[in-house]
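With PDB, C-alpha atoms and all ligand atoms inside, this is work_18.pdb:
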```pdb
ATOM      1  CA  MET A   1       0.729 -11.616  11.242
ATOM      2  CA  GLN A   2       0.762 -11.293   7.493
ATOM      3  CA  ALA A   3      -2.340  -9.160   7.560
ATOM      4  CA  TRP A   4      -3.071  -6.825   4.716
ATOM      5  CA  LEU A   5      -5.645  -4.154   4.273
ATOM      6  CA  PRO A   6      -6.663  -2.067   1.301
ATOM      7  CA  ILE A   7      -5.606   1.473   2.189
ATOM      8  CA  ALA A   8      -7.297   3.281  -0.647
ATOM      9  CA  PHE A   9      -9.461   3.058  -3.659
ATOM     10  CA  LEU A  10      -8.301   5.647  -6.132
ATOM     11  CA  PRO A  11     -11.030   7.729  -7.742
ATOM     12  CA  VAL A  12     -11.875   7.446 -11.390
ATOM     13  CA  GLY A  13     -12.975  10.872 -12.463
ATOM     14  CA  PRO A  14     -15.534  11.369 -15.173
ATOM     15  CA  LYS A  15     -13.778  11.877 -18.456
ATOM     16  CA  ARG A  16     -15.019  13.455 -21.606
ATOM     17  CA  ALA A  17     -18.160  14.910 -20.079
ATOM     18  CA  ASN A  18     -18.931  16.885 -23.199
ATOM     19  CA  LYS A  19     -21.987  18.532 -21.695
ATOM     20  CA  ILE A  20     -19.997  20.907 -19.506
ATOM     21  CA  ARG A  21     -19.649  24.174 -21.397
ATOM     22  CA  GLY A  22     -16.376  25.997 -21.128
ATOM     23  CA  TYR A  23     -14.617  22.943 -19.685
ATOM     24  CA  PRO A  24     -12.566  21.412 -22.494
ATOM     25  CA  VAL A  25     -12.387  17.627 -22.610
ATOM     26  CA  ASP A  26      -8.579  17.561 -22.603
ATOM     27  CA  MET A  27      -8.535  19.721 -19.456
ATOM     28  CA  GLN A  28     -11.039  17.384 -17.777
ATOM     29  CA  GLU A  29      -8.798  14.421 -18.501
ATOM     30  CA  ILE A  30      -5.659  16.102 -17.135
ATOM     31  CA  GLN A  31      -7.427  17.330 -13.987
ATOM     32  CA  ALA A  32      -8.896  13.874 -13.292
ATOM     33  CA  LEU A  33      -5.417  12.398 -13.682
ATOM     34  CA  GLU A  34      -3.875  15.043 -11.422
ATOM     35  CA  THR A  35      -6.470  14.276  -8.742
ATOM     36  CA  VAL A  36      -5.477  10.616  -8.727
ATOM     37  CA  HIS A  37      -1.805  11.540  -8.439
ATOM     38  CA  ASP A  38      -2.477  14.070  -5.653
ATOM     39  CA  ILE A  39      -4.171  11.318  -3.627
ATOM     40  CA  LEU A  40      -1.433   8.836  -4.433
ATOM     41  CA  GLU A  41       1.228  11.328  -3.368
ATOM     42  CA  TYR A  42      -0.631  11.929  -0.085
ATOM     43  CA  MET A  43      -0.790   8.201   0.664
ATOM     44  CA  LEU A  44       2.843   7.578  -0.203
ATOM     45  CA  LYS A  45       3.937  10.555   1.892
ATOM     46  CA  LEU A  46       2.303   8.950   4.947
ATOM     47  CA  LEU A  47       4.413   5.851   4.412
ATOM     48  CA  SER A  48       7.659   7.790   4.207
ATOM     49  CA  ASN A  49       7.438  10.237   7.110
ATOM     50  CA  ALA A  50       9.469  10.078  10.335
ATOM     51  CA  GLN A  51       6.641   8.524  12.361
ATOM     52  CA  TYR A  52       6.546   5.647   9.948
ATOM     53  CA  GLN A  53      10.158   4.781  10.759
ATOM     54  CA  GLN A  54       9.201   4.386  14.443
ATOM     55  CA  GLY A  55       6.028   2.432  13.750
ATOM     56  CA  TYR A  56       2.409   3.030  14.636
ATOM     57  CA  GLU A  57       0.597   1.536  17.604
ATOM     58  CA  MET A  58      -2.478  -0.221  16.284
ATOM     59  CA  VAL A  59      -5.207  -2.249  17.918
ATOM     60  CA  CYS A  60      -4.850  -5.901  16.993
ATOM     61  CA  ALA A  61      -7.760  -8.278  16.365
ATOM     62  CA  ASP A  62      -7.145  -9.802  19.836
ATOM     63  CA  GLY A  63      -7.535  -6.366  21.446
ATOM     64  CA  ASN A  64      -3.838  -5.902  22.228
ATOM     65  CA  ILE A  65      -1.866  -2.896  21.023
ATOM     66  CA  GLN A  66       0.849  -3.816  18.543
ATOM     67  CA  LEU A  67       3.658  -1.714  17.107
ATOM     68  CA  CYS A  68       3.086  -1.912  13.350
ATOM     69  CA  PHE A  69       5.054  -0.872  10.299
ATOM     70  CA  PRO A  70       2.624  -0.586   7.381
ATOM     71  CA  LYS A  71       4.147  -1.416   4.040
ATOM     72  CA  LEU A  72       2.852  -0.805   0.566
ATOM     73  CA  PHE A  73       3.660  -3.964  -1.297
ATOM     74  CA  CYS A  74       1.291  -4.113  -4.231
ATOM     75  CA  TRP A  75      -1.688  -2.669  -5.893
ATOM     76  CA  LEU A  76      -4.214  -4.225  -8.140
ATOM     77  CA  THR A  77      -4.772  -2.618 -11.497
ATOM     78  CA  ASP A  78      -5.875  -3.404 -14.971
ATOM     79  CA  HIS A  79      -4.183  -1.885 -17.996
ATOM     80  CA  MET A  80      -6.192   1.341 -17.937
ATOM     81  CA  GLU A  81      -5.448   1.929 -14.241
ATOM     82  CA  ASN A  82      -1.802   1.139 -14.898
ATOM     83  CA  ALA A  83      -1.771   3.772 -17.632
ATOM     84  CA  ILE A  84      -3.280   6.270 -15.173
ATOM     85  CA  LEU A  85      -0.717   5.459 -12.482
ATOM     86  CA  HIS A  86       2.149   5.798 -14.928
ATOM     87  CA  GLY A  87       0.653   8.868 -16.570
ATOM     88  CA  ILE A  88       1.011   7.407 -20.047
ATOM     89  CA  ALA A  89      -1.307   7.213 -23.017
ATOM     90  CA  SER A  90      -3.584   4.188 -22.787
ATOM     91  CA  ASN A  91      -2.329   2.728 -26.062
ATOM     92  CA  HIS A  92       1.195   2.284 -24.683
ATOM     93  CA  CYS A  93       2.800  -0.335 -22.485
ATOM     94  CA  PRO A  94       3.343   0.834 -18.870
ATOM     95  CA  ALA A  95       6.531  -1.206 -18.607
ATOM     96  CA  CYS A  96       8.450  -0.764 -21.859
ATOM     97  CA  ILE A  97       8.572   1.421 -24.940
ATOM     98  CA  THR A  98       6.970  -1.020 -27.337
ATOM     99  CA  PRO A  99       5.655   0.883 -30.352
ATOM    100  CA  THR A 100       1.861   0.927 -30.283
ATOM    101  CA  GLU A 101       1.590  -1.043 -33.522
ATOM    102  CA  LYS A 102       3.786  -3.794 -32.006
ATOM    103  CA  LEU A 103       1.754  -4.280 -28.822
ATOM    104  CA  GLY A 104       0.822  -7.923 -28.343
ATOM    105  CA  GLU A 105       3.579  -9.222 -30.616
ATOM    106  CA  HIS A 106       6.338 -11.414 -29.268
ATOM    107  CA  VAL A 107       9.791  -9.846 -29.654
ATOM    108  CA  GLU A 108      12.803 -11.994 -28.794
ATOM    109  CA  THR A 109      14.928  -9.161 -27.443
ATOM    110  CA  GLY A 110      12.091  -7.148 -25.923
ATOM    111  CA  TYR A 111      12.011  -3.379 -25.797
ATOM    112  CA  PRO A 112      13.814  -1.103 -23.355
ATOM    113  CA  ILE A 113      11.918  -0.188 -20.209
ATOM    114  CA  HIS A 114      10.650   3.353 -19.685
ATOM    115  CA  CYS A 115      13.239   5.904 -18.523
ATOM    116  CA  HIS A 116      11.347   7.791 -15.837
ATOM    117  CA  ALA A 117      14.285  10.154 -15.280
ATOM    118  CA  ASP A 118      13.855  11.390 -18.863
ATOM    119  CA  TYR A 119      10.123  11.909 -18.274
ATOM    120  CA  ARG A 120      10.808  13.836 -15.094
ATOM    121  CA  THR A 121      13.315  16.070 -16.877
ATOM    122  CA  ALA A 122      10.876  16.727 -19.739
ATOM    123  CA  TYR A 123       8.119  17.554 -17.230
ATOM    124  CA  MET A 124      10.364  19.877 -15.190
ATOM    125  CA  GLU A 125      11.435  21.673 -18.380
ATOM    126  CA  SER A 126       7.859  21.803 -19.753
ATOM    127  CA  ASP A 127       9.214  20.002 -22.803
ATOM    128  CA  MET A 128       5.867  19.109 -24.399
ATOM    129  CA  SER A 129       7.532  17.832 -27.556
ATOM    130  CA  SER A 130       9.429  15.146 -25.635
ATOM    131  CA  LEU A 131       6.414  14.298 -23.463
ATOM    132  CA  ASN A 132       4.361  13.752 -26.609
ATOM    133  CA  ILE A 133       7.062  11.536 -28.110
ATOM    134  CA  TYR A 134       7.179   9.518 -24.874
ATOM    135  CA  ALA A 135       3.331   9.439 -24.787
ATOM    136  CA  VAL A 136       3.568  10.714 -21.206
ATOM    137  CA  LYS A 137       0.881  13.012 -19.800
ATOM    138  CA  ASN A 138       1.941  16.460 -18.635
ATOM    139  CA  ILE A 139       1.219  15.938 -14.938
ATOM    140  CA  ARG A 140       3.252  15.879 -11.728
ATOM    141  CA  ASN A 141       3.367  12.106 -11.327
ATOM    142  CA  ALA A 142       3.348  10.927  -7.723
ATOM    143  CA  LEU A 143       5.555   7.985  -8.571
TER     144      LEU A 143
HETATM  145 ZN    ZN B 201       5.961  -3.575 -22.553
END
```

Output the file's structure in the form of structure tokens.
Ligand SMILES: [Zn+2]
Amino acid sequence: MQAWLPIAFLPVGPKRANKIRGYPVDMQEIQALETVHDILEYMLKLLSNAQYQQGYEMVCADGNIQLCFPKLFCWLTDHMENAILHGIASNHCPACITPTEKLGEHVETGYPIHCHADYRTAYMESDMSSLNIYAVKNIRNAL
């Protein structure tokens, strides 16, 4: 009961390896980010398939077989990992649209949270101008 297991450690690809000729730094960064999101999408897909709804038989610590329903309930990240998961520039808040120069300041009313539907639309329409304004990376985000 109440057991939890880490199901994955997401890779951190080498970024800005300037010594690779013909492999631009910006492309390296996008491909490393896409790799993380490909893995994340794979893991989340396993938790949403039909078998998941019926449970998985797993061997318990006492040797008995139990019908289990794995749930993803949290992940541990620091700010940089959060930026990777959200596909945003690292100098932006993953939760709200605080202007970069206002990060760390207390604002009574707060700032609006990110509108992921707008980001999805901009990505689907290859609207680089909007993605740049949102500080969102041009990747297919698994979330
Ligand atoms: Zn924020």

Neighbouring residues of ligand ZN 201 (chain B) are defined here as those with any atom at most 6 Å from a ligand atom, counting all atoms listed in the file; list them as a PDB file with C-alpha atoms, keeping the file's coordinate frame.
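Output contents, as saved in result-v1.pdb:
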```
ATOM      1  CA  CYS A  93       2.800  -0.335 -22.485  1.00  0.00           C
ATOM      2  CA  ALA A  95       6.531  -1.206 -18.607  1.00  0.00           C
ATOM      3  CA  CYS A  96       8.450  -0.764 -21.859  1.00  0.00           C
ATOM      4  CA  THR A  98       6.970  -1.020 -27.337  1.00  0.00           C
TER       5      THR A  98
END
```

Next on the checklist: Counting all atoms listed in the file, which residue out of A:Pro70, A:Gly104, A:Gly63, A:Pro11 sits closest to Asn91 (chain A)?
Outcome noted: A:Gly104

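You will find CA of Asn138 (chain A) at 6.4 Å from CA of Tyr123 (chain A).
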
Item to check | Nearby residues (only C-alpha atoms) at most 12 Å from Thr77 (chain A), same-chain spacing under 4 positions excluded, as a PyMOL selection string | outcome: chain A and resi 9-10+81-86+94

Checklist entry - For the atom pair CA of Glu29 (chain A) and CA of Leu143 (chain A), what is the interatomic distance in Å to one decimal place? => result 18.6 Å

Checklist entry - So which residues are close to (5.6, 6.3, 7.7), meaning at most 12 Å away in the file's coordinates with only C-alpha atoms counted, and can you show them as JSON, numbers by chain? => result {"A": [42, 43, 44, 45, 46, 47, 48, 49, 50, 51, 52, 53, 54, 55, 56, 68, 69, 70, 71, 72]}

Item to check | Result set, the PyMOL selection byres (((chain A and resi 35) around 12) and not hetatm) on current file, as a list of chain:residue names | outcome: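 Answer for the PyMOL selection byres (((chain A and resi 35) around 12) and not hetatm): A:Leu10, A:Pro11, A:Val12, A:Gly13, A:Pro14, A:Gln28, A:Glu29, A:Ile30, A:Gln31, A:Ala32, A:Leu33, A:Glu34, A:Val36, A:His37, A:Asp38, A:Ile39, A:Leu40, A:Glu41, A:Tyr42, A:Ile84, A:Leu85, A:Gly87, A:Ile139, A:Arg140, A:Asn141, A:Ala142.
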
Those selected residues, please, written with C-alpha atoms and delivered as a compact mmCIF listing (two decimals), in the frame of the given file.
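Dumped to part_32.txt:
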```
# COMPACT_ATOMS: atom_id res chain seq x y z
CA LEU A 10 -8.30 5.65 -6.13
CA PRO A 11 -11.03 7.73 -7.74
CA VAL A 12 -11.88 7.45 -11.39
CA GLY A 13 -12.98 10.87 -12.46
CA PRO A 14 -15.53 11.37 -15.17
CA GLN A 28 -11.04 17.38 -17.78
CA GLU A 29 -8.80 14.42 -18.50
CA ILE A 30 -5.66 16.10 -17.14
CA GLN A 31 -7.43 17.33 -13.99
CA ALA A 32 -8.90 13.87 -13.29
CA LEU A 33 -5.42 12.40 -13.68
CA GLU A 34 -3.88 15.04 -11.42
CA VAL A 36 -5.48 10.62 -8.73
CA HIS A 37 -1.80 11.54 -8.44
CA ASP A 38 -2.48 14.07 -5.65
CA ILE A 39 -4.17 11.32 -3.63
CA LEU A 40 -1.43 8.84 -4.43
CA GLU A 41 1.23 11.33 -3.37
CA TYR A 42 -0.63 11.93 -0.08
CA ILE A 84 -3.28 6.27 -15.17
CA LEU A 85 -0.72 5.46 -12.48
CA GLY A 87 0.65 8.87 -16.57
CA ILE A 139 1.22 15.94 -14.94
CA ARG A 140 3.25 15.88 -11.73
CA ASN A 141 3.37 12.11 -11.33
CA ALA A 142 3.35 10.93 -7.72
```

Checklist outcome for this item: Pairwise distance, CA of Ser130 (chain A) with CA of Pro24 (chain A), equals 23.1 Å

The centre and edge lengths of an axis-aligned box containing all atoms of region 91-101 of chain A present in the file, extended by 8 Å on each side, are to be given in Å to one decimal, as AutoDock Vina command-line options.
```
--center_x 3.1 --center_y 0.8 --center_z -26.1 --size_x 26.9 --size_y 19.9 --size_z 30.9
```

Checklist entry - For this file, the PyMOL selection byres (((chain A and resi 115) around 10) and not hetatm) selects which residues, as a PyMOL selection string? => result chain A and resi 95-97+112-114+116-120+134

Item to check | For Glu57 (chain A): contacts at 7 Å, all atoms listed in the file, fewer than 4 positions along chain excluded, given as a ChimeraX atom specification | outcome: /A:65-68
